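Content type mmCIF, C-alpha atoms, from the file query23.cif:
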data_protein
#
loop_
_atom_site.group_PDB
_atom_site.id
_atom_site.type_symbol
_atom_site.label_atom_id
_atom_site.label_comp_id
_atom_site.auth_asym_id
_atom_site.auth_seq_id
_atom_site.Cartn_x
_atom_site.Cartn_y
_atom_site.Cartn_z
ATOM 1 C CA MET V 1 29.158 -6.420 -12.370
ATOM 2 C CA PRO V 2 32.490 -7.619 -10.983
ATOM 3 C CA SER V 3 33.719 -10.772 -12.713
ATOM 4 C CA LYS V 4 34.812 -12.258 -9.404
ATOM 5 C CA TYR V 5 31.138 -12.888 -8.540
ATOM 6 C CA ILE V 6 31.264 -16.002 -10.731
ATOM 7 C CA PHE V 7 33.538 -17.607 -8.119
ATOM 8 C CA TYR V 8 31.082 -17.194 -5.232
ATOM 9 C CA PRO V 9 29.028 -20.253 -6.253
ATOM 10 C CA CYS V 10 32.323 -22.173 -6.506
ATOM 11 C CA PHE V 11 33.206 -21.230 -2.952
ATOM 12 C CA ALA V 12 29.761 -22.418 -1.829
ATOM 13 C CA LEU V 13 30.291 -25.760 -3.575
ATOM 14 C CA VAL V 14 33.728 -26.129 -1.996
ATOM 15 C CA LEU V 15 32.110 -25.471 1.396
ATOM 16 C CA LEU V 16 29.571 -28.222 0.711
ATOM 17 C CA THR V 17 32.395 -30.591 -0.248
ATOM 18 C CA MET V 18 34.210 -29.777 2.996
ATOM 19 C CA VAL V 19 31.076 -30.412 5.069
ATOM 20 C CA VAL V 20 30.390 -33.737 3.329
ATOM 21 C CA TRP V 21 34.047 -34.766 3.763
ATOM 22 C CA PHE V 22 33.911 -34.001 7.497
ATOM 23 C CA THR V 23 30.560 -35.809 7.802
ATOM 24 C CA MET V 24 32.093 -38.835 6.091
ATOM 25 C CA LEU V 25 35.038 -38.899 8.494
ATOM 26 C CA VAL V 26 32.850 -38.622 11.580
ATOM 27 C CA ARG V 27 30.286 -41.214 10.475
ATOM 28 C CA ARG V 28 32.991 -43.647 9.381
ATOM 29 C CA ALA V 29 34.929 -43.248 12.632
ATOM 30 C CA ILE V 30 31.801 -43.855 14.701
ATOM 31 C CA HIS V 31 30.823 -46.860 12.580
ATOM 32 C CA MET V 32 34.345 -48.318 12.656
ATOM 33 C CA LYS V 33 34.540 -47.991 16.427
ATOM 34 C CA ARG V 34 31.059 -49.422 16.978
ATOM 35 C CA TYR V 35 31.603 -52.454 14.710
ATOM 36 C CA LYS V 36 35.354 -52.847 15.312
ATOM 37 C CA ILE V 37 36.234 -52.368 11.644
ATOM 38 C CA THR V 38 39.846 -51.774 10.658
ATOM 39 C CA PRO V 39 40.997 -50.127 7.414
ATOM 40 C CA ASN V 40 42.334 -53.518 6.289
ATOM 41 C CA ASP V 41 38.793 -54.915 6.451
ATOM 42 C CA MET V 42 37.787 -52.909 3.375
ATOM 43 C CA PRO V 43 40.441 -52.875 0.657
ATOM 44 C CA THR V 44 37.878 -52.337 -2.140
ATOM 45 C CA ARG V 45 34.841 -50.118 -2.552
ATOM 46 C CA GLU V 46 32.570 -53.159 -2.692
ATOM 47 C CA LEU V 47 33.855 -54.396 0.670
ATOM 48 C CA ALA V 48 33.600 -50.914 2.152
ATOM 49 C CA ASP V 49 29.996 -50.638 0.952
ATOM 50 C CA ALA V 50 29.236 -54.013 2.549
ATOM 51 C CA LYS V 51 30.956 -53.148 5.845
ATOM 52 C CA PHE V 52 29.572 -49.632 6.219
ATOM 53 C CA GLY V 53 26.047 -49.972 4.883
ATOM 54 C CA ALA V 54 24.173 -46.690 5.389
ATOM 55 C CA ALA V 55 27.286 -45.111 6.920
ATOM 56 C CA GLN V 56 28.822 -45.284 3.420
ATOM 57 C CA ALA V 57 26.433 -42.618 2.065
ATOM 58 C CA PRO V 58 28.720 -39.649 2.914
ATOM 59 C CA ASN V 59 31.604 -41.344 1.095
ATOM 60 C CA ASN V 60 29.446 -41.959 -1.962
ATOM 61 C CA ASN V 61 28.178 -38.377 -1.850
ATOM 62 C CA LEU V 62 31.739 -37.078 -1.586
ATOM 63 C CA MET V 63 32.640 -39.036 -4.724
ATOM 64 C CA ASN V 64 29.608 -37.444 -6.448
ATOM 65 C CA LEU V 65 31.047 -34.026 -5.591
ATOM 66 C CA PHE V 66 34.188 -34.878 -7.566
ATOM 67 C CA GLU V 67 32.410 -36.100 -10.681
ATOM 68 C CA ILE V 68 30.025 -33.671 -12.444
ATOM 69 C CA PRO V 69 31.041 -30.636 -10.296
ATOM 70 C CA VAL V 70 34.558 -30.781 -11.772
ATOM 71 C CA LEU V 71 33.002 -29.591 -15.042
ATOM 72 C CA PHE V 72 31.306 -26.793 -13.109
ATOM 73 C CA TYR V 73 34.581 -25.611 -11.615
ATOM 74 C CA PHE V 74 36.211 -25.615 -15.033
ATOM 75 C CA ALA V 75 33.250 -23.793 -16.604
ATOM 76 C CA THR V 76 33.572 -21.104 -13.950
ATOM 77 C CA VAL V 77 37.220 -20.540 -14.829
ATOM 78 C CA VAL V 78 36.401 -20.470 -18.561
ATOM 79 C CA ILE V 79 33.601 -17.941 -17.995
ATOM 80 C CA TYR V 80 35.946 -15.763 -15.959
ATOM 81 C CA VAL V 81 38.908 -15.972 -18.352
ATOM 82 C CA LEU V 82 36.749 -15.290 -21.417
ATOM 83 C CA GLN V 83 35.088 -12.385 -19.551
ATOM 84 C CA LEU V 84 31.607 -13.793 -20.062
ATOM 85 C CA VAL V 85 30.342 -13.181 -16.521
ATOM 86 C CA ASP V 86 26.767 -11.934 -16.551
ATOM 87 C CA VAL V 87 23.581 -12.321 -14.542
ATOM 88 C CA TYR V 88 22.568 -15.453 -16.498
ATOM 89 C CA TYR V 89 25.764 -17.310 -15.640
ATOM 90 C CA LEU V 90 25.444 -16.226 -12.029
ATOM 91 C CA TRP V 91 21.846 -17.425 -11.861
ATOM 92 C CA LEU V 92 22.675 -20.749 -13.530
ATOM 93 C CA SER V 93 25.709 -21.226 -11.273
ATOM 94 C CA TRP V 94 23.811 -20.527 -8.067
ATOM 95 C CA ALA V 95 20.963 -22.784 -9.193
ATOM 96 C CA PHE V 96 23.479 -25.567 -9.943
ATOM 97 C CA VAL V 97 25.033 -25.201 -6.482
ATOM 98 C CA ALA V 98 21.644 -25.031 -4.721
ATOM 99 C CA LEU V 99 20.562 -28.237 -6.433
ATOM 100 C CA ARG V 100 23.837 -29.925 -5.447
ATOM 101 C CA TYR V 101 23.188 -28.877 -1.832
ATOM 102 C CA LEU V 102 19.706 -30.385 -2.056
ATOM 103 C CA HIS V 103 21.136 -33.581 -3.564
ATOM 104 C CA SER V 104 23.676 -33.868 -0.749
ATOM 105 C CA PHE V 105 21.068 -33.124 1.920
ATOM 106 C CA ILE V 106 18.857 -35.936 0.647
ATOM 107 C CA HIS V 107 21.824 -38.286 0.209
ATOM 108 C CA LEU V 108 23.077 -37.671 3.755
ATOM 109 C CA SER V 109 19.679 -37.773 5.441
ATOM 110 C CA TYR V 110 16.892 -40.112 4.332
ATOM 111 C CA ASN V 111 18.651 -41.096 1.042
ATOM 112 C CA ASN V 112 15.688 -41.794 -1.207
ATOM 113 C CA VAL V 113 17.222 -42.485 -4.613
ATOM 114 C CA LEU V 114 14.262 -41.106 -6.573
ATOM 115 C CA HIS V 115 14.220 -37.906 -4.510
ATOM 116 C CA ARG V 116 17.947 -37.264 -4.797
ATOM 117 C CA GLY V 117 17.901 -38.210 -8.480
ATOM 118 C CA LEU V 118 15.749 -35.204 -9.334
ATOM 119 C CA PRO V 119 18.168 -32.508 -8.089
ATOM 120 C CA TYR V 120 21.043 -34.500 -9.598
ATOM 121 C CA LEU V 121 19.346 -34.551 -13.009
ATOM 122 C CA ALA V 122 18.298 -30.892 -12.768
ATOM 123 C CA SER V 123 21.747 -29.690 -11.675
ATOM 124 C CA THR V 124 23.484 -31.641 -14.407
ATOM 125 C CA THR V 125 21.044 -30.310 -16.992
ATOM 126 C CA LEU V 126 21.829 -26.758 -15.843
ATOM 127 C CA LEU V 127 25.516 -27.523 -16.206
ATOM 128 C CA TRP V 128 24.978 -28.655 -19.814
ATOM 129 C CA PHE V 129 23.161 -25.353 -20.457
ATOM 130 C CA ILE V 130 26.136 -23.474 -19.001
ATOM 131 C CA TRP V 131 28.518 -25.339 -21.304
ATOM 132 C CA LEU V 132 26.280 -24.932 -24.364
ATOM 133 C CA ARG V 133 26.086 -21.197 -23.707
ATOM 134 C CA ILE V 134 29.865 -20.986 -23.327
ATOM 135 C CA GLY V 135 30.239 -22.873 -26.588
ATOM 136 C CA PHE V 136 27.809 -20.687 -28.499
ATOM 137 C CA GLN V 137 29.311 -17.486 -27.121
ATOM 138 C CA THR V 138 32.826 -18.650 -27.948
ATOM 139 C CA ILE V 139 31.927 -19.681 -31.492
ATOM 140 C CA ALA V 140 29.893 -16.518 -32.104
ATOM 141 C CA SER V 141 32.656 -14.157 -31.027
#

Kindly present the structure from the file in structure tokens form.
Amino acid sequence: MPSKYIFYPCFALVLLTMVVWFTMLVRRAIHMKRYKITPNDMPTRELADAKFGAAQAPNNNLMNLFEIPVLFYFATVVIYVLQLVDVYYLWLSWAFVALRYLHSFIHLSYNNVLHRGLPYLASTTLLWFIWLRIGFQTIAS
């Protein structure tokens, strides 16, 4: 199996990040125009949350995509460099990305915290499994 396959889930996660970023820009622009909000009206996150309300969800989701997923990106590079790519890492990686897509979909649509918490918890748990496997394989070799 070509090692480069481990990067395909990364590309999918980058695509999700791009879509969420664009969604954030569009929703914010519409909200700012509708409510006559200027950038100076929201110098802190707390004020932005207050001014944007539900329109702030894409921004919050975008921040989520730069928290835990950073460890995923790094794990992917480690797996590639250490030549550990196998079907298990590919399955875990695609499952992680699919769950992050589900999390973002819920966050950007009806935004039920309990519903989006489940794919968040599941994806993060998968990521810990990825890192534990990397650790065990590195120590064992």

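The smallest atom-to-atom distance between Pro9 in chain V and any of V:Met32, V:Ala98, V:Ile68, V:Met63, using all atoms listed in the file, is found for V:Ala98.
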
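Put simply, CA of Ile130 in chain V is 12.8 Å away from CA of Tyr80 in chain V.
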
With 6 Å added on each side, what axis-aligned box encloses every listed atom of range 9-14 of chain V? Give the centre and edge lengths in Å to one decimal, as AutoDock Vina command-line options.
--center_x 31.4 --center_y -23.2 --center_z -4.2 --size_x 16.7 --size_y 17.9 --size_z 16.7

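A straight line drawn from CA of Arg45 in chain V to CA of Leu102 in chain V is 24.9 Å long.
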
Fill in: Local residues around (30.8, -8.0, -13.2), at most 12 Å away, using only C-alpha atoms, as JSON, numbers by chain
{"V": [1, 2, 3, 4, 5, 6, 7, 79, 80, 83, 84, 85, 86, 87, 88, 89, 90]}
